[in-house]
$ cat entry_6.tsv   # TSV, C-alpha atoms
chain	number	residue	atom	x	y	z
F	1	MET	CA	106.95	123.75	152.89
F	2	ALA	CA	107.29	121.43	155.87
F	3	LYS	CA	109.38	122.71	158.75
F	4	PRO	CA	112.44	120.68	159.86
F	5	TYR	CA	110.93	120.35	163.33
F	6	ALA	CA	107.51	119.81	164.92
F	7	ILE	CA	106.03	122.25	167.42
F	8	GLN	CA	104.50	120.40	170.38
F	9	GLY	CA	103.40	123.44	172.37
F	10	GLY	CA	104.17	127.07	173.03
F	11	CYS	CA	102.84	130.54	173.75
F	12	ALA	CA	103.79	134.16	173.22
F	13	GLU	CA	102.90	135.58	176.63
F	14	GLN	CA	102.96	139.14	177.91
F	15	ASP	CA	106.54	139.07	179.16
F	16	LYS	CA	108.07	135.97	177.57
F	17	THR	CA	107.75	133.47	174.76
F	18	TRP	CA	108.26	129.73	175.06
F	19	VAL	CA	107.99	126.85	172.65
F	20	MET	CA	108.63	123.12	172.83
F	21	ILE	CA	109.61	121.31	169.64
F	22	MET	CA	110.67	117.87	168.52
F	23	ARG	CA	113.33	117.24	165.92
F	24	GLY	CA	113.71	113.53	165.38
F	25	TYR	CA	113.55	112.01	168.85
F	26	THR	CA	115.16	115.05	170.52
F	27	GLN	CA	113.20	117.70	172.45
F	28	PHE	CA	114.02	121.40	172.63
F	29	ASN	CA	112.45	123.80	175.12
F	30	ILE	CA	113.15	127.33	173.96
F	31	THR	CA	112.38	130.44	176.01
F	32	PHE	CA	113.28	134.07	176.25
F	33	HIS	CA	112.09	137.07	178.25
F	34	HIS	CA	111.02	139.99	176.10
F	35	GLU	CA	112.93	142.51	178.20
F	36	GLU	CA	116.12	140.65	177.31
F	37	ILE	CA	115.75	141.36	173.59
F	38	THR	CA	113.86	144.68	173.47
F	39	ASN	CA	116.71	146.73	172.00
F	40	THR	CA	118.33	143.97	169.95
F	41	ASP	CA	118.11	143.33	166.21
F	42	PHE	CA	116.33	140.07	167.05
F	43	GLY	CA	113.80	141.90	169.21
F	44	LEU	CA	113.17	144.57	166.58
F	45	SER	CA	112.17	141.80	164.17
F	46	TYR	CA	110.30	139.62	166.67
F	47	LEU	CA	108.30	141.95	168.92
F	48	PRO	CA	106.24	143.55	166.09
F	49	LEU	CA	104.82	140.09	165.42
F	50	LEU	CA	103.08	140.33	168.78
F	51	ASP	CA	101.28	143.52	167.71
F	52	GLU	CA	99.35	141.81	164.90
F	53	ARG	CA	96.17	141.25	166.88
F	54	GLU	CA	92.41	141.24	166.46
F	55	ASP	CA	90.21	141.54	169.56
F	56	GLY	CA	93.30	141.12	171.71
F	57	ARG	CA	94.33	137.85	170.08
F	58	LEU	CA	97.24	137.21	167.76
F	59	VAL	CA	96.13	136.96	164.14
F	60	ASP	CA	98.56	134.06	163.66
F	61	PHE	CA	99.69	132.70	167.02
F	62	MET	CA	102.07	130.25	165.33
F	63	GLU	CA	104.07	132.89	163.46
F	64	PRO	CA	106.05	134.09	166.52
F	65	LEU	CA	106.76	130.49	167.51
F	66	HIS	CA	108.08	129.60	164.07
F	67	PHE	CA	110.19	132.78	164.03
F	68	LEU	CA	111.76	131.72	167.31
F	69	CYS	CA	112.40	128.15	166.16
F	70	ASP	CA	113.85	129.25	162.83
F	71	TYR	CA	116.24	131.59	164.61
F	72	CYS	CA	117.52	128.71	166.76
F	73	LEU	CA	117.53	126.22	163.89
F	74	PRO	CA	121.29	126.32	163.11
F	75	LEU	CA	122.10	125.22	166.67
F	76	ILE	CA	119.23	122.72	166.71
F	77	GLU	CA	120.43	121.10	163.48
F	78	THR	CA	123.96	120.90	164.87
F	79	LEU	CA	122.73	119.14	168.00
F	80	THR	CA	120.30	116.87	166.12
F	81	PRO	CA	121.32	116.33	162.49
F	82	VAL	CA	118.54	113.82	161.70
F	83	ASN	CA	114.90	114.89	161.63
F	84	SER	CA	113.10	111.57	161.50
F	85	LEU	CA	111.36	109.16	163.83
F	86	ARG	CA	110.90	106.41	161.27
F	87	GLY	CA	111.90	103.09	162.75
F	88	CYS	CA	113.44	104.51	165.93
F	89	SER	CA	112.85	102.60	169.14
F	90	LEU	CA	110.24	103.68	171.66
F	91	GLU	CA	112.98	103.70	174.30
F	92	LYS	CA	114.56	106.70	172.58
F	93	LEU	CA	111.32	108.60	173.26
F	94	VAL	CA	110.99	107.40	176.84
F	95	ARG	CA	114.51	108.79	177.40
F	96	SER	CA	114.51	111.57	174.84
F	97	PRO	CA	117.55	113.86	174.69
F	98	THR	CA	116.29	117.24	175.92
F	99	TYR	CA	117.85	120.67	175.60
F	100	ASP	CA	116.66	123.79	177.40
F	101	LEU	CA	117.64	126.70	175.18
F	102	GLU	CA	117.34	130.38	176.04
F	103	ILE	CA	117.85	133.50	173.96
F	104	VAL	CA	119.64	136.22	175.90
F	105	GLY	CA	120.94	139.64	175.01
F	106	ILE	CA	124.71	140.11	175.11
F	107	GLY	CA	126.53	143.40	175.46
F	108	THR	CA	125.18	146.67	174.14
F	109	ASP	CA	125.65	146.12	170.42
F	110	GLY	CA	122.20	144.69	169.74
F	111	ASN	CA	123.23	141.04	169.58
F	112	VAL	CA	121.60	138.01	171.17
F	113	GLN	CA	122.93	134.55	171.91
F	114	VAL	CA	121.30	131.13	172.17
F	115	ILE	CA	122.55	129.36	175.28
F	116	GLY	CA	121.89	125.91	176.76
F	117	GLY	CA	123.17	123.71	173.95
F	118	GLU	CA	125.99	122.35	176.08
F	119	THR	CA	123.66	120.62	178.57
F	120	CYS	CA	121.55	117.60	177.68
F	121	THR	CA	119.12	115.77	179.98
F	122	PHE	CA	116.86	112.81	179.21
F	123	THR	CA	113.10	113.09	179.70
F	124	PRO	CA	109.99	111.39	178.22
F	125	ALA	CA	108.67	112.85	174.97
F	126	PHE	CA	105.09	113.02	173.65
F	127	LYS	CA	103.67	113.31	177.19
F	128	ILE	CA	104.74	109.75	178.05
F	129	TYR	CA	104.16	109.33	181.78
F	130	PRO	CA	105.90	106.21	183.16
F	131	VAL	CA	104.78	104.57	186.39
F	132	LEU	CA	106.84	102.10	188.43
F	133	LEU	CA	105.88	98.52	187.65
F	134	HIS	CA	106.42	97.21	191.17
F	135	GLU	CA	103.76	99.62	192.47
F	136	GLN	CA	101.09	98.23	190.14
F	137	PRO	CA	98.58	95.39	190.74
F	138	ALA	CA	99.89	91.83	190.71
F	139	SER	CA	97.82	91.15	187.59
F	140	TYR	CA	100.33	93.19	185.59
F	141	ALA	CA	102.74	90.27	185.92
F	142	LEU	CA	100.30	87.81	184.34
F	143	VAL	CA	100.78	89.02	180.76
F	144	PRO	CA	103.87	89.32	178.57
F	145	HIS	CA	106.07	92.39	178.89
F	146	VAL	CA	107.75	93.96	175.86
F	147	ASP	CA	110.71	96.27	176.36
F	148	ALA	CA	110.40	99.73	174.82
F	149	ARG	CA	113.80	99.28	173.12
F	150	ASP	CA	112.30	96.41	171.09
F	151	ILE	CA	109.45	98.48	169.65
F	152	ALA	CA	110.00	100.38	166.39
F	153	VAL	CA	107.73	103.41	165.99
F	154	HIS	CA	106.59	105.33	162.90
F	155	VAL	CA	106.45	102.26	160.69
F	156	ASP	CA	103.22	103.42	159.02
F	157	ASP	CA	103.14	105.91	156.13
F	158	GLN	CA	100.32	107.72	157.95
F	159	ALA	CA	102.41	108.23	161.10
F	160	HIS	CA	103.08	111.89	161.90
F	161	SER	CA	105.23	113.87	164.26
F	162	GLY	CA	102.42	114.71	166.69
F	163	THR	CA	102.25	111.24	168.20
F	164	VAL	CA	103.83	107.80	168.17
F	165	GLN	CA	100.64	105.99	169.16
F	166	GLY	CA	99.38	103.62	166.52
F	167	LYS	CA	100.99	100.91	164.45
F	168	VAL	CA	104.41	99.73	165.67
F	169	ARG	CA	106.71	96.85	164.78
F	170	LEU	CA	108.20	94.18	167.05
F	171	PRO	CA	111.58	92.46	166.51
F	172	GLY	CA	110.10	89.49	164.63
F	173	GLY	CA	108.37	91.82	162.18
F	174	GLU	CA	104.95	91.48	163.83
F	175	SER	CA	102.84	94.65	163.94
F	176	LYS	CA	100.77	95.77	166.93
F	177	PHE	CA	98.87	98.87	168.05
F	178	LEU	CA	100.62	100.98	170.70
F	179	LYS	CA	98.81	103.06	173.32
F	180	LEU	CA	100.93	105.19	175.63
F	181	ARG	CA	100.47	106.12	179.26
F	182	GLU	CA	100.28	109.90	178.89
F	183	SER	CA	100.41	112.80	181.31
F	184	GLY	CA	96.91	114.05	182.02
F	185	ARG	CA	95.36	110.72	180.99
F	186	GLU	CA	96.93	108.42	183.55
F	187	VAL	CA	93.58	107.50	185.11
F	188	GLU	CA	92.12	106.59	181.71
F	189	PHE	CA	95.13	104.46	180.76
F	190	ASP	CA	95.12	102.62	184.08
F	191	ARG	CA	91.36	101.94	183.77
F	192	GLU	CA	91.73	100.56	180.27
F	193	LEU	CA	94.67	98.34	181.20
F	194	ARG	CA	92.79	96.92	184.20
F	195	ILE	CA	89.78	96.10	182.02
F	196	LEU	CA	91.88	94.58	179.24
F	197	LEU	CA	93.64	92.41	181.82
F	198	ASP	CA	90.25	91.32	183.15
F	199	ILE	CA	89.01	90.50	179.64
F	200	ARG	CA	92.17	88.49	178.97
F	201	ARG	CA	92.03	86.65	182.31
F	202	LYS	CA	88.38	85.67	181.76
F	203	GLY	CA	88.93	84.70	178.13
F	204	LEU	CA	86.07	86.89	176.93
F	205	ALA	CA	87.39	87.87	173.50
F	206	SER	CA	85.54	85.76	170.93
F	207	ALA	CA	83.23	85.92	167.94
F	208	GLU	CA	80.45	86.80	170.40
F	209	CYS	CA	82.56	89.46	172.12
F	210	ARG	CA	84.67	91.40	169.64
F	211	VAL	CA	86.85	93.66	171.79
F	212	SER	CA	90.39	95.05	171.81
F	213	ARG	CA	92.81	92.26	172.70
F	214	LEU	CA	95.75	92.98	174.97
F	215	HIS	CA	99.02	91.58	173.62
F	216	ALA	CA	101.50	92.89	176.18
F	217	ILE	CA	102.44	95.64	178.60
F	218	VAL	CA	105.26	97.92	177.44
F	219	VAL	CA	108.01	98.50	179.98
F	220	SER	CA	111.20	100.54	180.19
F	221	GLY	CA	114.19	100.66	182.52
F	222	ASP	CA	116.29	98.13	184.41
F	223	ALA	CA	115.10	95.52	186.89
F	224	ASN	CA	115.21	97.89	189.86
F	225	SER	CA	113.38	100.77	188.20
F	226	LYS	CA	111.24	99.14	185.53
F	227	CYS	CA	108.29	101.31	184.52
F	228	VAL	CA	105.07	100.82	182.58
F	229	VAL	CA	104.97	103.21	179.61
F	230	GLY	CA	102.23	101.75	177.43
F	231	LEU	CA	100.38	98.71	176.16
F	232	LEU	CA	100.21	96.75	172.93
F	233	LEU	CA	96.96	95.61	171.32
F	234	ASP	CA	96.41	93.14	168.50
F	235	LEU	CA	95.78	95.03	165.28
F	236	ILE	CA	92.28	95.03	163.83
F	237	THR	CA	92.55	95.12	160.04
F	238	PRO	CA	90.08	97.83	158.96
F	239	SER	CA	87.47	97.44	156.26
F	240	PRO	CA	88.07	99.01	152.84
F	241	LEU	CA	85.13	101.31	153.64
F	242	GLY	CA	86.90	102.94	156.59
F	243	ILE	CA	88.04	102.08	160.08
F	244	ASP	CA	85.12	103.21	162.27
F	245	PHE	CA	81.74	104.92	162.39
F	246	LEU	CA	83.37	108.28	161.70
F	247	SER	CA	84.00	107.13	158.12
F	248	PRO	CA	81.38	108.51	155.67
F	249	GLN	CA	81.46	105.34	153.55
F	250	ILE	CA	80.43	103.36	156.62
F	251	TRP	CA	77.38	105.58	157.08
F	252	GLN	CA	76.03	104.61	153.67
F	253	GLN	CA	76.10	100.85	154.36
F	254	THR	CA	72.58	100.96	155.75
F	255	THR	CA	71.93	97.26	155.09
F	256	LEU	CA	74.72	96.43	157.54
F	257	HIS	CA	73.72	98.78	160.35
F	258	SER	CA	71.36	96.28	162.02
F	259	LYS	CA	74.06	93.57	161.89
F	260	TRP	CA	76.60	95.89	163.51
F	261	GLU	CA	74.09	96.87	166.17
F	262	ARG	CA	73.44	93.22	167.02
F	263	GLN	CA	77.18	92.56	167.26
F	264	VAL	CA	77.84	95.56	169.48
F	265	ARG	CA	74.88	94.73	171.75
F	266	ALA	CA	76.07	91.11	172.01
F	267	THR	CA	79.54	92.31	173.01
F	268	VAL	CA	78.19	94.72	175.61
F	269	ASP	CA	75.97	91.94	177.00
F	270	VAL	CA	79.05	89.76	177.55
F	271	LEU	CA	80.96	92.62	179.15
F	272	HIS	CA	78.12	93.48	181.52
F	273	ALA	CA	77.61	89.82	182.46
F	274	ASN	CA	81.24	89.93	183.61
F	275	HIS	CA	80.87	93.21	185.53
F	276	ILE	CA	82.75	95.28	182.92
F	277	VAL	CA	81.51	98.71	181.82
F	278	TRP	CA	82.60	99.85	178.35
F	279	GLY	CA	82.34	103.49	179.36
F	280	ASP	CA	83.19	105.59	176.32
F	281	VAL	CA	80.53	104.66	173.77
F	282	ASN	CA	80.95	106.84	170.69
F	283	ALA	CA	81.24	106.62	166.91
F	284	GLY	CA	85.03	106.44	166.95
F	285	ASN	CA	85.05	103.46	169.29
F	286	VAL	CA	83.21	101.02	167.05
F	287	VAL	CA	85.68	99.61	164.52
F	288	ILE	CA	84.65	97.74	161.35
F	289	ASP	CA	87.11	95.06	160.28
F	290	GLU	CA	87.94	93.63	156.84
F	291	ALA	CA	85.17	91.03	157.25
F	292	LEU	CA	82.70	93.87	157.93
F	293	ASP	CA	82.21	92.87	161.55
F	294	ALA	CA	81.90	95.42	164.37
F	295	TRP	CA	84.38	95.60	167.25
F	296	VAL	CA	84.19	97.50	170.55
F	297	ILE	CA	87.40	99.36	171.47
F	298	ASP	CA	88.69	101.86	174.04
F	299	PHE	CA	87.99	101.18	177.69
F	300	ALA	CA	89.54	104.40	178.97
F	301	GLY	CA	86.21	105.58	180.36
F	302	ARG	CA	84.78	109.09	180.65
F	303	ASN	CA	81.96	109.88	178.25
F	304	ASN	CA	81.05	111.76	175.12
F	305	PRO	CA	77.88	113.73	176.02
F	306	VAL	CA	76.54	113.30	172.49
F	307	PHE	CA	76.04	109.65	173.37
F	308	ILE	CA	76.05	109.38	177.18
F	309	ASP	CA	74.77	111.92	179.71
F	310	HIS	CA	77.31	113.00	182.31
F	311	ASP	CA	75.31	111.53	185.20
F	312	LYS	CA	75.42	108.12	183.52
F	313	ALA	CA	79.15	108.12	182.73
F	314	GLU	CA	80.89	104.77	183.24
F	315	THR	CA	77.70	102.93	184.24
F	316	LEU	CA	75.79	100.00	182.80
F	317	GLU	CA	72.89	102.33	182.08
F	318	GLY	CA	75.24	104.72	180.32
F	319	ASP	CA	76.53	101.99	178.02
F	320	TRP	CA	73.02	101.16	176.86
F	321	GLN	CA	72.12	104.82	176.49
F	322	GLY	CA	75.20	105.29	174.30
F	323	VAL	CA	74.50	102.24	172.15
F	324	GLY	CA	70.89	103.34	171.71
F	325	ARG	CA	71.83	106.85	170.66
F	326	LEU	CA	74.61	105.63	168.36
F	327	PHE	CA	72.44	103.23	166.37
F	328	GLY	CA	69.05	104.80	166.92
F	329	GLU	CA	69.91	108.45	166.30
F	330	TRP	CA	73.49	109.29	165.32
F	331	LEU	CA	74.14	106.71	162.60
F	332	PRO	CA	70.72	107.06	160.88
F	333	ALA	CA	71.20	110.85	160.85
F	334	ARG	CA	74.57	110.47	159.13
F	335	ALA	CA	73.05	108.06	156.60
F	336	ARG	CA	70.44	110.73	155.79
F	337	GLY	CA	73.21	113.22	155.14
F	338	GLU	CA	72.60	115.34	158.22
F	339	PRO	CA	75.68	117.17	159.59
F	340	GLN	CA	77.35	115.94	162.75

$ encode --input "entry_6.tsv" --output "structure tokens"
Amino acid sequence: MAKPYAIQGGCAEQDKTWVMIMRGYTQFNITFHHEEITNTDFGLSYLPLLDEREDGRLVDFMEPLHFLCDYCLPLIETLTPVNSLRGCSLEKLVRSPTYDLEIVGIGTDGNVQVIGGETCTFTPAFKIYPVLLHEQPASYALVPHVDARDIAVHVDDQAHSGTVQGKVRLPGGESKFLKLRESGREVEFDRELRILLDIRRKGLASAECRVSRLHAIVVSGDANSKCVVGLLLDLITPSPLGIDFLSPQIWQQTTLHSKWERQVRATVDVLHANHIVWGDVNAGNVVIDEALDAWVIDFAGRNNPVFIDHDKAETLEGDWQGVGRLFGEWLPARARGEPQ
């Protein structure tokens, strides 16, 4: 049975347990120190869960976290009655209501209390990592900006609570693909946005250069503190066989593999002629559309060592090595039924 919340992170450590959950668009950070609850009824039920170990590791590391969340659930449901993200605006996640809850022992009668529900702050959810717009390159002003409050998330039946990246809806009903600027991946996001801006400025996207097309930069905040929080791409309608080269049905279309290779090589040729390195060549970054044409996506950089050696990461040579391995080795192996 699905839980009425989604765990985003957490750990049962030696001296304390912490967990971060989302319920709807509200975040809850829950912690407690084990010494606080040792002699309480709560502690007598919780602490034995930490003894169920094999080779020093918890048999089920999620069980203690769910126990903690379920204990706090009555307060959580009071603070956030609705557990849904469907159709909510992205702005509500950029400024997500956040509660820091703590379980503490009270008195000597074995009781505990959940505190912190009276204080609410507003912080980004889902690792969204805004950056001030006025500190970014001037080229950021050359494309449309869409306000986060005008973007409806979780409009797709396949959307799930672990992310809001993916298909979103704009006020006029138009759908786009949202990519967020996330903590820990700021460099990758900034690289991709710079390249997409360059592709747009040079007018490279065409039948000879099928690449992700930047629609707009997503911003949040007022005029004096406006921040970049993501970008919007035109949707690529996937083929009925699957969306990319990770789809088994795509592997079996061997008569189309040479066509897709020609299309990808033609796209990379155009990119390189304009001093743009694709960077992250891999099976998930070649998309097949409804017309069965191949598109190159994802300019965040880095490299998948299955396709590009580390010493060739984000180089022209690395791009060609990746394309060669993808079509010359990886895809034929999948078509033969060999495991990944």

$ closest_residue --input "entry_6.tsv" --among "F:Glu208, F:Glu35, F:Glu261, F:Asp190" --to "Asp15 of chain F" --atoms "all atoms listed in the file"
F:Glu35

$ residues_near_point --input "entry_6.tsv" --point "(116.1, 114.1, 174.7)" --cutoff "12 Å" --atoms "all atoms listed in the file" --output "tab-separated table (two decimals) with C-alpha atoms, in the coordinates of the input"
chain	number	residue	atom	x	y	z
F	20	MET	CA	108.63	123.12	172.83
F	21	ILE	CA	109.61	121.31	169.64
F	22	MET	CA	110.67	117.87	168.52
F	23	ARG	CA	113.33	117.24	165.92
F	24	GLY	CA	113.71	113.53	165.38
F	25	TYR	CA	113.55	112.01	168.85
F	26	THR	CA	115.16	115.05	170.52
F	27	GLN	CA	113.20	117.70	172.45
F	28	PHE	CA	114.02	121.40	172.63
F	29	ASN	CA	112.45	123.80	175.12
F	79	LEU	CA	122.73	119.14	168.00
F	80	THR	CA	120.30	116.87	166.12
F	91	GLU	CA	112.98	103.70	174.30
F	92	LYS	CA	114.56	106.70	172.58
F	93	LEU	CA	111.32	108.60	173.26
F	94	VAL	CA	110.99	107.40	176.84
F	95	ARG	CA	114.51	108.79	177.40
F	96	SER	CA	114.51	111.57	174.84
F	97	PRO	CA	117.55	113.86	174.69
F	98	THR	CA	116.29	117.24	175.92
F	99	TYR	CA	117.85	120.67	175.60
F	100	ASP	CA	116.66	123.79	177.40
F	117	GLY	CA	123.17	123.71	173.95
F	119	THR	CA	123.66	120.62	178.57
F	120	CYS	CA	121.55	117.60	177.68
F	121	THR	CA	119.12	115.77	179.98
F	122	PHE	CA	116.86	112.81	179.21
F	123	THR	CA	113.10	113.09	179.70
F	124	PRO	CA	109.99	111.39	178.22
F	125	ALA	CA	108.67	112.85	174.97
F	126	PHE	CA	105.09	113.02	173.65

$ closest_residue --input "entry_6.tsv" --among "F:Glu314, F:Asp244, F:Asp41, F:Glu338" --to "Gly110 of chain F" --atoms "all atoms listed in the file"
F:Asp41

$ closest_residue --input "entry_6.tsv" --among "F:Gln14, F:Ile30, F:Arg194, F:Gly230" --to "Gly166 of chain F" --atoms "all atoms listed in the file"
F:Gly230

$ residues_around --input "entry_6.tsv" --residues "Asn303 of chain F" --least-positions-apart "5" --cutoff "8 Å" --atoms "only C-alpha atoms" --output "list in words"
Gly279, Asp280, Val281, Ile308, Asp309, His310, Ala313 and Glu314 of chain F

$ residues_near_point --input "entry_6.tsv" --point "(108.6, 101.2, 169.8)" --cutoff "7 Å" --atoms "only C-alpha atoms" --output "PDB file with C-alpha atoms, in the frame of the given file"
ATOM      1  CA  SER F  89     112.850 102.600 169.140  1.00  0.00           C
ATOM      2  CA  LEU F  90     110.240 103.680 171.660  1.00  0.00           C
ATOM      3  CA  GLU F  91     112.980 103.700 174.300  1.00  0.00           C
ATOM      4  CA  ALA F 148     110.400  99.730 174.820  1.00  0.00           C
ATOM      5  CA  ARG F 149     113.800  99.280 173.120  1.00  0.00           C
ATOM      6  CA  ASP F 150     112.300  96.410 171.090  1.00  0.00           C
ATOM      7  CA  ILE F 151     109.450  98.480 169.650  1.00  0.00           C
ATOM      8  CA  ALA F 152     110.000 100.380 166.390  1.00  0.00           C
ATOM      9  CA  VAL F 153     107.730 103.410 165.990  1.00  0.00           C
ATOM     10  CA  VAL F 168     104.410  99.730 165.670  1.00  0.00           C
ATOM     11  CA  ARG F 169     106.710  96.850 164.780  1.00  0.00           C
TER      12      ARG F 169
END

$ atom_distance --input "entry_6.tsv" --atom1 "atom CA of Ile195 of chain F" --atom2 "atom CA of Ile276 of chain F"
7.1 Å

$ closest_residue --input "entry_6.tsv" --among "F:Val219, F:Val82, F:Val296, F:Ile236" --to "Val323 of chain F" --atoms "all atoms listed in the file"
F:Val296

$ atom_distance --input "entry_6.tsv" --atom1 "atom CA of Asn282 of chain F" --atom2 "atom CA of Val268 of chain F"
13.4 Å

$ residues_around --input "entry_6.tsv" --residues "Glu188 of chain F" --least-positions-apart "3" --cutoff "6 Å" --atoms "all atoms listed in the file" --output "PyMOL selection string"
chain F and resi 185+191+300

$ atom_distance --input "entry_6.tsv" --atom1 "atom CA of Leu47 of chain F" --atom2 "atom CA of Asn83 of chain F"
28.8 Å
